[in-house]
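Enquirer: I am sharing entry.cif, which consists of mmCIF, C-alpha atoms:
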```cif
data_input
loop_
_atom_site.label_atom_id
_atom_site.label_comp_id
_atom_site.auth_asym_id
_atom_site.auth_seq_id
_atom_site.Cartn_x
_atom_site.Cartn_y
_atom_site.Cartn_z
CA MET A 1 26.96 -6.87 -34.09
CA CYS A 2 24.23 -4.71 -32.66
CA PRO A 3 24.30 -4.27 -28.86
CA GLY A 4 21.44 -5.43 -26.67
CA LYS A 5 19.58 -8.60 -25.84
CA VAL A 6 18.60 -11.23 -28.36
CA TRP A 7 14.95 -10.29 -28.17
CA VAL A 8 15.46 -6.53 -28.33
CA SER A 9 17.09 -4.58 -31.16
CA ASN A 10 17.44 -0.92 -31.93
CA CYS A 11 19.72 -1.50 -34.94
CA ARG A 12 19.11 0.43 -38.08
CA SER A 13 18.94 -1.34 -41.46
CA LEU A 14 22.16 -3.23 -42.13
CA VAL A 15 23.21 -3.11 -45.78
CA LEU A 16 26.47 -4.69 -46.84
CA HIS A 17 28.41 -2.64 -49.41
CA LEU A 18 31.42 -4.23 -51.08
CA PRO A 19 33.88 -2.35 -53.36
CA ALA A 20 33.69 -2.93 -57.08
CA VAL A 21 36.11 -5.50 -58.56
CA THR A 22 38.82 -3.96 -60.81
CA SER A 23 38.86 -5.35 -64.38
CA TYR A 24 42.03 -5.99 -66.44
CA THR A 25 42.47 -6.06 -70.17
CA SER A 26 43.68 -9.67 -70.06
CA GLN A 27 40.60 -11.02 -68.41
CA VAL A 28 36.90 -10.82 -68.70
CA ALA A 29 35.51 -7.93 -66.72
CA PHE A 30 33.06 -8.94 -64.10
CA PRO A 31 30.30 -6.55 -63.05
CA PRO A 32 30.63 -5.08 -59.58
CA LEU A 33 29.03 -7.10 -56.84
CA ALA A 34 25.79 -5.65 -55.55
CA GLN A 35 23.66 -6.51 -52.56
CA SER A 36 20.94 -8.75 -53.87
CA THR A 37 18.53 -8.14 -51.05
CA VAL A 38 18.16 -5.10 -48.87
CA TYR A 39 17.38 -6.10 -45.33
CA SER A 40 14.57 -4.15 -43.76
CA ALA A 41 14.90 -2.60 -40.35
CA PHE A 42 14.07 -4.94 -37.51
CA PRO A 43 10.84 -3.55 -36.01
CA GLN A 44 11.21 -1.88 -32.61
CA THR A 45 8.95 -3.62 -30.14
CA GLY A 46 8.51 -0.45 -28.18
CA GLN A 47 9.48 -1.95 -24.87
CA THR A 48 12.30 -4.08 -23.56
CA TYR A 49 11.90 -6.81 -21.03
CA GLY A 50 13.38 -7.13 -17.61
CA LEU A 51 12.78 -5.54 -14.23
CA PRO A 52 14.17 -2.19 -13.09
CA PRO A 53 15.35 -1.06 -9.70
CA PHE A 54 12.43 -1.41 -7.29
CA GLY A 55 11.88 2.32 -7.13
CA ALA A 56 11.62 2.81 -10.87
CA MET A 57 9.25 -0.04 -11.36
CA TRP A 58 5.91 1.21 -10.11
CA PRO A 59 4.04 4.49 -9.70
CA GLY A 60 5.41 6.57 -6.90
CA ILE A 61 7.83 3.95 -5.64
CA LYS A 62 10.69 5.85 -4.07
CA THR A 63 14.08 4.29 -3.60
CA GLU A 64 16.34 4.98 -0.69
CA THR A 65 19.48 5.42 -2.78
CA GLY A 66 18.22 7.84 -5.40
CA LEU A 67 18.39 5.33 -8.25
CA PRO A 68 17.52 6.74 -11.67
CA GLU A 69 14.02 6.72 -12.98
CA ALA A 70 14.77 4.11 -15.62
CA PRO A 71 17.70 1.82 -16.36
CA SER A 72 20.66 3.45 -18.05
CA GLY A 73 22.05 2.38 -21.39
CA GLY A 74 23.11 -1.22 -21.47
CA GLN A 75 20.70 -2.26 -18.76
CA PRO A 76 17.60 -4.27 -19.58
CA GLY A 77 14.46 -2.22 -19.76
CA PHE A 78 11.54 -2.68 -17.46
CA LEU A 79 8.06 -3.96 -17.73
CA SER A 80 5.43 -1.25 -17.99
CA PHE A 81 1.71 -1.44 -18.29
CA SER A 82 -1.27 0.75 -19.01
CA THR A 83 -4.12 1.43 -16.63
CA ALA A 84 -6.52 0.78 -19.49
CA TYR A 85 -6.97 -2.73 -18.19
CA THR A 86 -9.66 -4.84 -19.77
CA SER A 87 -10.65 -8.31 -18.69
CA ASN A 88 -11.89 -9.56 -22.05
CA GLN A 89 -8.63 -9.42 -23.97
CA PRO A 90 -8.12 -12.76 -25.73
CA GLY A 91 -4.70 -14.30 -25.37
CA HIS A 92 -2.94 -11.39 -23.67
CA LEU A 93 -3.08 -9.62 -20.36
CA HIS A 94 -2.71 -5.85 -20.60
CA TYR A 95 -1.48 -4.22 -17.46
CA SER A 96 0.15 -0.96 -16.68
CA TYR A 97 3.02 -0.11 -14.42
CA PRO A 98 4.14 3.48 -14.97
CA SER A 99 7.67 4.40 -14.07
CA GLN A 100 7.52 7.41 -11.77
CA GLY A 101 4.25 8.64 -13.17
CA LYS A 102 4.70 7.96 -16.90
CA LEU A 103 2.46 5.34 -18.44
CA GLN A 104 3.88 3.28 -21.24
CA PRO A 105 1.48 0.74 -22.75
CA HIS A 106 2.85 -2.70 -23.27
CA SER A 107 1.38 -6.06 -24.12
CA PHE A 108 2.32 -8.67 -21.54
CA SER A 109 1.80 -12.24 -22.73
CA ARG A 110 1.92 -15.41 -20.72
CA ASP A 111 5.01 -16.51 -22.64
CA ASN A 112 6.77 -13.36 -21.54
CA ALA A 113 5.69 -14.04 -18.00
CA VAL A 114 7.70 -17.25 -18.08
CA LYS A 115 10.80 -15.31 -19.13
CA LEU A 116 10.24 -12.83 -16.34
CA SER A 117 9.84 -15.65 -13.84
CA ASP A 118 13.22 -17.01 -14.91
CA GLN A 119 14.76 -13.57 -14.48
CA LYS A 120 13.24 -13.22 -11.03
CA ARG A 121 14.60 -16.58 -9.92
CA ASN A 122 18.09 -15.65 -11.10
CA ALA A 123 18.15 -12.25 -9.41
CA SER A 124 18.60 -11.35 -5.76
CA PRO A 125 16.17 -8.70 -4.51
CA PRO A 126 17.57 -5.95 -2.31
CA GLU A 127 16.91 -5.86 1.39
CA ASN A 128 13.23 -5.59 2.37
CA LEU A 129 12.05 -5.73 -1.23
CA PRO A 130 9.37 -8.18 -2.31
CA ALA A 131 10.41 -11.38 -3.98
CA GLY A 132 10.13 -10.91 -7.72
CA ALA A 133 11.47 -7.34 -7.77
CA ALA A 134 14.73 -8.07 -9.57
CA LEU A 135 17.43 -5.49 -10.17
CA PRO A 136 19.61 -4.91 -13.22
CA THR A 137 23.09 -6.30 -12.82
CA SER A 138 24.67 -2.87 -12.49
CA VAL A 139 22.71 -1.98 -9.35
CA VAL A 140 24.65 -2.64 -6.16
CA LEU A 141 22.68 -4.15 -3.32
CA PRO A 142 22.88 -2.63 0.17
CA THR A 143 25.46 -4.02 2.54
CA GLY A 144 24.41 -7.40 3.85
CA ALA A 145 21.42 -7.62 1.52
CA ARG A 146 22.79 -10.60 -0.41
CA ASP A 147 23.47 -12.55 2.77
CA GLN A 148 20.03 -11.76 4.14
CA ASP A 149 18.45 -12.75 0.85
CA GLU A 150 20.25 -16.08 0.88
CA VAL A 151 19.14 -16.74 4.44
CA GLY A 152 15.58 -15.75 3.54
CA ARG A 153 15.49 -18.10 0.58
CA ARG A 154 16.91 -20.99 2.59
CA ASN A 155 14.35 -20.42 5.32
CA SER A 156 11.41 -19.96 2.96
CA VAL A 157 8.95 -22.81 2.59
CA GLY A 158 6.90 -23.55 -0.48
CA LYS A 159 6.21 -20.79 -2.97
CA ALA A 160 7.61 -17.31 -3.04
CA LYS A 161 6.68 -14.80 -0.39
CA GLY A 162 3.26 -13.30 -0.82
CA LYS A 163 2.02 -16.24 -2.87
CA ALA A 164 1.02 -18.39 0.03
CA LYS A 165 -2.15 -20.41 0.09
CA LYS A 166 -5.29 -18.67 1.16
CA SER A 167 -5.99 -18.71 4.85
CA ASP A 168 -9.05 -20.21 6.46
CA ASN A 169 -10.43 -16.80 7.50
CA SER A 170 -8.22 -16.84 10.59
CA PRO A 171 -5.36 -14.33 10.76
CA PRO A 172 -1.88 -15.86 10.52
CA ALA A 173 0.23 -16.12 13.62
CA GLU A 174 2.58 -13.17 13.92
CA SER A 175 5.56 -15.54 13.90
CA ASP A 176 4.46 -16.91 10.48
CA LEU A 177 4.14 -13.55 8.74
CA GLU A 178 6.32 -12.88 5.73
CA ARG A 179 5.01 -9.56 4.43
CA ILE A 180 3.24 -6.63 6.08
CA PHE A 181 1.65 -3.75 4.19
CA LEU A 182 1.64 -0.47 6.12
CA TRP A 183 -1.24 1.67 4.88
CA ASP A 184 -2.02 5.33 5.31
CA LEU A 185 -5.74 6.09 5.66
CA ASP A 186 -6.86 9.49 4.33
CA GLU A 187 -6.40 10.04 0.60
CA THR A 188 -4.89 6.56 0.31
CA ILE A 189 -7.69 4.15 1.21
CA ILE A 190 -10.50 6.65 1.77
CA ILE A 191 -11.16 10.16 0.53
CA PHE A 192 -12.05 12.42 3.43
CA HIS A 193 -9.66 15.24 4.30
CA SER A 194 -9.41 16.46 0.69
CA LEU A 195 -13.22 16.66 0.55
CA LEU A 196 -13.08 19.29 3.28
CA THR A 197 -10.14 21.24 1.89
CA GLY A 198 -11.46 21.27 -1.67
CA SER A 199 -8.24 19.80 -3.05
CA TYR A 200 -10.00 16.68 -4.36
CA ALA A 201 -12.60 18.72 -6.24
CA GLN A 202 -9.89 20.91 -7.74
CA LYS A 203 -7.61 18.03 -8.72
CA PHE A 204 -10.27 15.86 -10.31
CA GLY A 205 -12.67 18.49 -11.62
CA LYS A 206 -15.59 17.88 -9.27
CA ASP A 207 -18.18 20.38 -8.07
CA PRO A 208 -16.58 22.04 -5.00
CA ALA A 209 -19.85 22.72 -3.18
CA THR A 210 -21.10 19.15 -3.56
CA VAL A 211 -17.80 17.65 -2.47
CA LEU A 212 -17.50 19.96 0.55
CA ASN A 213 -21.05 19.20 1.66
CA LEU A 214 -20.37 15.46 1.58
CA GLY A 215 -17.19 15.95 3.58
CA LEU A 216 -18.91 18.02 6.25
CA GLN A 217 -21.72 15.50 6.67
CA MET A 218 -19.27 12.62 7.00
CA GLU A 219 -17.18 14.63 9.48
CA GLU A 220 -20.27 15.19 11.61
CA LEU A 221 -21.01 11.46 11.63
CA ILE A 222 -17.42 10.62 12.56
CA PHE A 223 -17.34 12.89 15.59
CA GLU A 224 -20.85 11.92 16.66
CA LEU A 225 -19.86 8.25 16.70
CA ALA A 226 -16.57 9.03 18.44
CA ASP A 227 -18.20 11.19 21.12
CA THR A 228 -21.27 9.05 21.73
CA HIS A 229 -19.85 5.53 21.72
CA LEU A 230 -16.04 5.70 21.67
CA PHE A 231 -15.34 8.00 24.66
CA PHE A 232 -13.73 10.72 22.56
CA ASN A 233 -14.81 13.44 25.00
CA ASP A 234 -12.81 11.65 27.68
CA LEU A 235 -9.93 10.47 25.53
CA GLU A 236 -9.29 13.43 23.21
CA GLU A 237 -6.55 14.73 25.51
CA CYS A 238 -5.43 11.22 26.48
CA ASP A 239 -4.71 9.98 22.98
CA GLN A 240 -2.74 6.77 22.60
CA VAL A 241 -0.76 5.33 19.72
CA HIS A 242 -2.32 1.88 20.11
CA VAL A 243 -5.38 0.55 21.89
CA GLU A 244 -3.24 -1.68 24.15
CA ASP A 245 -0.87 1.07 25.31
CA VAL A 246 -2.50 1.39 28.73
CA ALA A 247 -3.60 -2.23 29.12
CA SER A 248 -1.01 -2.81 31.83
CA ASP A 249 -2.98 -0.43 34.10
CA ASP A 250 -6.17 -2.47 33.69
CA ASN A 251 -6.92 -4.68 36.69
CA GLY A 252 -9.40 -6.79 34.72
CA GLN A 253 -12.50 -5.54 36.55
CA GLU A 254 -15.81 -6.61 35.03
CA LEU A 255 -17.24 -3.70 33.03
CA SER A 256 -20.69 -4.96 32.09
CA ASN A 257 -22.31 -2.92 34.88
CA TYR A 258 -19.63 -0.24 35.14
CA ASN A 259 -20.93 3.33 35.02
CA PHE A 260 -18.46 5.35 32.95
CA LEU A 261 -20.51 8.53 33.37
CA ALA A 262 -20.25 8.49 37.14
CA ASP A 263 -16.72 7.28 37.80
CA GLY A 264 -15.27 10.79 38.01
CA PHE A 265 -12.99 10.52 35.00
CA ASN A 266 -12.90 13.69 32.93
CA GLY A 267 -9.76 13.47 30.83
CA PRO A 268 -6.31 14.56 31.97
CA SER A 269 -7.67 16.80 34.70
CA GLY A 270 -10.10 14.07 35.80
CA GLY A 271 -12.61 14.45 38.60
CA GLY A 272 -12.58 12.88 42.01
CA ALA A 273 -11.86 14.36 45.38
CA SER A 274 -9.14 16.93 45.62
CA GLY A 275 -5.83 15.48 46.73
CA THR A 276 -6.66 11.92 45.69
CA THR A 277 -4.91 10.01 42.93
CA THR A 278 -8.16 9.88 40.97
CA GLY A 279 -7.79 13.45 39.74
CA VAL A 280 -4.10 13.32 39.02
CA GLN A 281 -3.13 12.52 35.47
CA GLY A 282 -0.92 9.47 35.60
CA GLY A 283 -2.15 8.50 39.07
CA VAL A 284 -3.06 4.90 39.76
CA GLU A 285 -6.83 5.38 39.85
CA TRP A 286 -6.82 7.74 36.89
CA MET A 287 -4.76 5.35 34.76
CA ARG A 288 -7.02 2.46 35.75
CA LYS A 289 -10.11 4.34 34.58
CA LEU A 290 -8.31 5.34 31.40
CA ALA A 291 -7.49 1.68 30.76
CA PHE A 292 -11.13 0.75 31.35
CA ARG A 293 -12.17 3.11 28.57
CA TYR A 294 -9.72 1.71 26.08
CA ARG A 295 -10.77 -1.83 26.96
CA ARG A 296 -14.41 -0.94 26.43
CA LEU A 297 -13.50 0.88 23.22
CA LYS A 298 -11.88 -2.30 21.95
CA GLU A 299 -14.96 -4.34 22.84
CA ILE A 300 -17.27 -1.93 20.98
CA TYR A 301 -15.04 -1.94 17.91
CA ASN A 302 -14.92 -5.73 17.78
CA SER A 303 -18.67 -6.02 18.31
CA TYR A 304 -19.67 -3.55 15.59
CA LYS A 305 -16.78 -3.69 13.09
CA GLY A 306 -19.04 -5.44 10.60
CA ASN A 307 -22.24 -3.62 11.49
CA VAL A 308 -21.57 -0.02 12.45
CA GLY A 309 -25.22 0.74 11.76
CA GLY A 310 -26.03 -0.96 15.03
CA LEU A 311 -24.46 2.02 16.82
CA LEU A 312 -26.53 4.58 14.90
CA SER A 313 -30.15 5.68 15.00
CA PRO A 314 -32.32 4.70 12.01
CA MET A 315 -32.05 8.23 10.63
CA LYS A 316 -28.26 8.25 10.95
CA ARG A 317 -28.01 4.79 9.38
CA GLU A 318 -29.93 6.04 6.37
CA LEU A 319 -27.68 9.10 6.20
CA LEU A 320 -24.55 6.93 6.36
CA LEU A 321 -25.73 4.70 3.52
CA ARG A 322 -26.49 7.74 1.39
CA LEU A 323 -23.12 9.35 2.15
CA GLN A 324 -21.23 6.15 1.41
CA SER A 325 -22.95 5.88 -1.96
CA GLU A 326 -22.52 9.53 -2.92
CA ILE A 327 -18.89 9.74 -1.81
CA GLU A 328 -18.12 6.57 -3.74
CA ASN A 329 -19.79 8.09 -6.78
CA VAL A 330 -18.06 11.48 -6.59
CA THR A 331 -14.66 9.84 -5.96
CA ASP A 332 -15.11 7.43 -8.89
CA ALA A 333 -15.11 4.30 -6.69
CA TRP A 334 -11.86 5.19 -4.92
CA LEU A 335 -12.62 3.12 -1.81
CA SER A 336 -13.82 0.11 -3.81
CA THR A 337 -10.62 0.18 -5.85
CA ALA A 338 -8.47 0.32 -2.71
CA LEU A 339 -10.50 -2.49 -1.13
CA LYS A 340 -9.54 -4.85 -3.95
CA SER A 341 -5.90 -4.67 -2.86
CA LEU A 342 -6.73 -4.82 0.85
CA LEU A 343 -8.87 -7.93 0.44
CA LEU A 344 -6.33 -9.61 -1.82
CA ILE A 345 -3.63 -9.10 0.81
CA GLN A 346 -5.99 -10.32 3.51
CA SER A 347 -6.68 -13.51 1.56
CA ARG A 348 -3.01 -14.48 1.56
CA GLY A 349 -1.79 -16.84 4.21
CA LYS A 350 1.29 -14.98 5.41
CA CYS A 351 0.50 -11.32 4.73
CA MET A 352 -1.14 -8.64 6.85
CA ASN A 353 -2.62 -5.15 6.51
CA VAL A 354 -1.62 -2.61 9.17
CA LEU A 355 -3.03 0.93 9.34
CA VAL A 356 -0.84 3.86 10.40
CA THR A 357 -2.68 7.19 10.34
CA THR A 358 -1.97 10.72 11.51
CA THR A 359 -5.54 10.96 12.80
CA GLN A 360 -6.01 10.56 16.56
CA LEU A 361 -6.77 6.97 17.48
CA VAL A 362 -10.44 7.35 18.47
CA PRO A 363 -11.56 9.35 15.40
CA ALA A 364 -9.48 6.99 13.25
CA LEU A 365 -11.43 4.04 14.62
CA ALA A 366 -14.68 5.89 13.90
CA LYS A 367 -13.53 6.50 10.31
CA VAL A 368 -12.60 2.86 9.83
CA LEU A 369 -16.01 1.74 11.07
CA LEU A 370 -18.04 4.28 9.07
CA TYR A 371 -16.15 3.60 5.84
CA GLY A 372 -16.75 -0.14 6.25
CA LEU A 373 -13.14 -1.17 6.90
CA GLY A 374 -13.62 -2.79 10.30
CA ASP A 375 -13.29 -6.34 8.94
CA VAL A 376 -10.12 -5.42 7.06
CA PHE A 377 -8.23 -3.86 9.99
CA PRO A 378 -8.42 -5.59 13.38
CA ILE A 379 -8.14 -2.95 16.08
CA GLU A 380 -4.76 -4.41 17.11
CA ASN A 381 -3.44 -3.45 13.65
CA ILE A 382 -4.38 0.24 13.87
CA TYR A 383 -1.80 2.81 14.98
CA SER A 384 -2.11 6.56 15.43
CA ALA A 385 0.98 8.62 14.61
CA THR A 386 -0.46 11.87 16.01
CA LYS A 387 1.77 11.86 19.09
CA ILE A 388 4.97 10.19 17.91
CA GLY A 389 5.04 10.45 14.10
CA LYS A 390 5.08 7.73 11.50
CA GLU A 391 8.77 6.94 11.75
CA SER A 392 8.38 5.99 15.41
CA CYS A 393 5.18 4.08 14.59
CA PHE A 394 7.05 2.06 11.99
CA GLU A 395 9.75 1.37 14.57
CA ARG A 396 7.13 0.04 16.98
CA ILE A 397 5.65 -2.17 14.29
CA VAL A 398 9.07 -3.59 13.38
CA SER A 399 9.70 -4.28 17.07
CA ARG A 400 6.38 -6.12 17.25
CA PHE A 401 6.67 -8.26 14.12
CA GLY A 402 10.45 -8.51 13.74
CA LYS A 403 13.00 -7.64 11.08
CA LYS A 404 12.63 -10.86 9.09
CA VAL A 405 9.30 -9.62 7.76
CA THR A 406 9.21 -7.63 4.52
CA TYR A 407 7.42 -4.29 4.97
CA VAL A 408 5.80 -2.33 2.13
CA VAL A 409 4.55 1.21 2.82
CA ILE A 410 1.56 2.55 0.88
CA GLY A 411 0.51 6.18 1.18
CA ASP A 412 0.08 9.59 -0.36
CA GLY A 413 2.14 11.87 1.87
CA ARG A 414 5.69 12.82 2.71
CA ASP A 415 5.38 11.57 6.29
CA GLU A 416 5.11 7.93 5.34
CA GLU A 417 7.54 8.35 2.46
CA PHE A 418 10.22 9.75 4.78
CA ALA A 419 9.51 7.12 7.43
CA ALA A 420 9.78 4.37 4.81
CA LYS A 421 13.11 5.77 3.67
CA GLN A 422 14.44 5.86 7.23
CA HIS A 423 13.56 2.20 7.69
CA ASN A 424 14.70 1.14 4.22
CA MET A 425 11.19 0.06 3.27
CA PRO A 426 9.82 0.31 -0.29
CA PHE A 427 7.21 3.04 -0.66
CA TRP A 428 4.26 2.99 -3.07
CA ARG A 429 2.75 6.42 -3.63
CA ILE A 430 -1.00 6.77 -4.15
CA SER A 431 -1.92 9.95 -6.02
CA THR A 432 -4.55 8.87 -8.52
CA HIS A 433 -6.96 6.05 -9.27
CA GLY A 434 -4.37 4.65 -11.67
CA ASP A 435 -1.95 4.14 -8.77
CA LEU A 436 -4.55 2.03 -6.96
CA VAL A 437 -5.27 0.01 -10.10
CA SER A 438 -1.57 -0.61 -10.69
CA LEU A 439 -1.12 -1.63 -7.06
CA HIS A 440 -3.81 -4.27 -7.39
CA GLN A 441 -2.30 -5.56 -10.61
CA ALA A 442 1.13 -5.80 -8.99
CA LEU A 443 -0.39 -7.82 -6.18
CA GLU A 444 -2.19 -10.10 -8.62
CA LEU A 445 1.07 -10.74 -10.46
CA ASP A 446 2.83 -11.43 -7.13
CA PHE A 447 5.31 -8.60 -7.63
CA LEU A 448 4.34 -7.44 -4.13
#
```
Let me see the structure of the file written as structure tokens.
Expert:
Amino acid sequence: MCPGKVWVSNCRSLVLHLPAVTSYTSQVAFPPLAQSTVYSAFPQTGQTYGLPPFGAMWPGIKTETGLPEAPSGGQPGFLSFSTAYTSNQPGHLHYSYPSQGKLQPHSFSRDNAVKLSDQKRNASPPENLPAGAALPTSVVLPTGARDQDEVGRRNSVGKAKGKAKKSDNSPPAESDLERIFLWDLDETIIIFHSLLTGSYAQKFGKDPATVLNLGLQMEELIFELADTHLFFNDLEECDQVHVEDVASDDNGQELSNYNFLADGFNGPSGGGASGTTTGVQGGVEWMRKLAFRYRRLKEIYNSYKGNVGGLLSPMKRELLLRLQSEIENVTDAWLSTALKSLLLIQSRGKCMNVLVTTTQLVPALAKVLLYGLGDVFPIENIYSATKIGKESCFERIVSRFGKKVTYVVIGDGRDEEFAAKQHNMPFWRISTHGDLVSLHQALELDFL
């Protein structure tokens, strides 16, 4: 019998050969038996079904235990898709999920989806992995993962995680969250830094001068917004990880008529009379004025997150619209592609997008506003890892939302990949447009 599943076969043609029958002089000689019909080789389907280890399943997903890129012999294969996704395919859905960067086209029918759903229900995902990411039987789960999975399934209500009903435009309560997506910003959601370095133009064959010029103009807008409206001149040397980090020093004073230009605060070496606490970094008065700035910063962000043009002059608004259009064109709709996944996550009832960037907090907020992401990321869900690194940021986020939540890290760099590994979180690498497309398809199929 050929090894493998019923629906998959790699067997060569099977032809039965029997020895000839010996004839005797006392009996009639019979002709040797011959195979009446030669069986043709069973056609190779080109792809087996089943789900691989989480890390081998999608582009750039890195596992924490160094699992192989694809299942070994005897394990079921994994579902792969092609980025050549078309919406007008009759009867079949064609998706693509490359394993560690290799695309293998495969036709995924609705009938096969039912089989996969049965497999997912009968498999126990490893710790912190999304429901639906089933492992081959030979993969050993981390210690305690099975127990945690059982507890999670007993405590779950309704459909699988991530497939909750759409919310009514109000963010879910933090205690109700089931899955949080931790996003990097530059070169993951937006293209900015690589415009300035020339790496994007080199990688994707764009005109270096054009790309650099767009990057420089956007950089100028970012720092102009940060300096003019977001107190970056005051806060550059007083950077915080989160906008609420100094809220405990705020006495709640009304700020509508407060004069920030004349209060004597000038960064860490702030003004004020010599010998008073006003000019001492960390002093009571200095910290209070610092807290005032972050409170006002939060108010401005919330007021203009859907209309950043209201903070710009007519000429700058026109420039921003032109830059947004030209950057989107030269990056082949990178931001629009990323937004599809962000908005899909946002539409779920028990999922949340959180931004963790290595940019300082104030310029990061300016970027988010200028790239039109203010409605996607509430300011409370934006963290800067400039001071403490992404691993510590992830630790803070886990402390805030709890360990019962499933975290998925999405980014392009080693910082977030290493931090994800340290916290045993799945990591989805974004290197190309295809990675963004595959991410959206995984979300649509509720694999994430």
Enquirer: Once the PyMOL selection byres ((chain A and resi 296-309) around 9) has been evaluated on this model, what residues remain selected, and can you format them as a PyMOL selection string?
Expert: chain A and resi 229-231+243-244+255+291-295+310-314+316-318+320+362+365-366+368-370+372-375+378-380
Enquirer: Choose the residue, out of A:Trp334, A:Tyr371, A:Phe265, A:Tyr407, that has the smallest atom-to-atom separation from A:Asn353; count all atoms listed in the file.
Expert: A:Tyr407
Enquirer: Using atom CA of A:Asp332 and atom CA of A:Phe181 as the two end points, give the distance in Å to one decimal.
Expert: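 Going from atom CA of A:Asp332 over to atom CA of A:Phe181 covers 24.0 Å.
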Enquirer: How many Å lie between atom CA of A:Leu323 and atom CA of A:Asp415, rounded to one decimal?
Expert: 28.9 Å
Enquirer: Determine the residue membership of the PyMOL selection byres ((chain A and resi 241) around 6) for the file above and supply it as a list in words.
Expert: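 Output from the PyMOL selection byres ((chain A and resi 241) around 6), applied to this file: Gln240, His242, Tyr383 and Ser384 of chain A.
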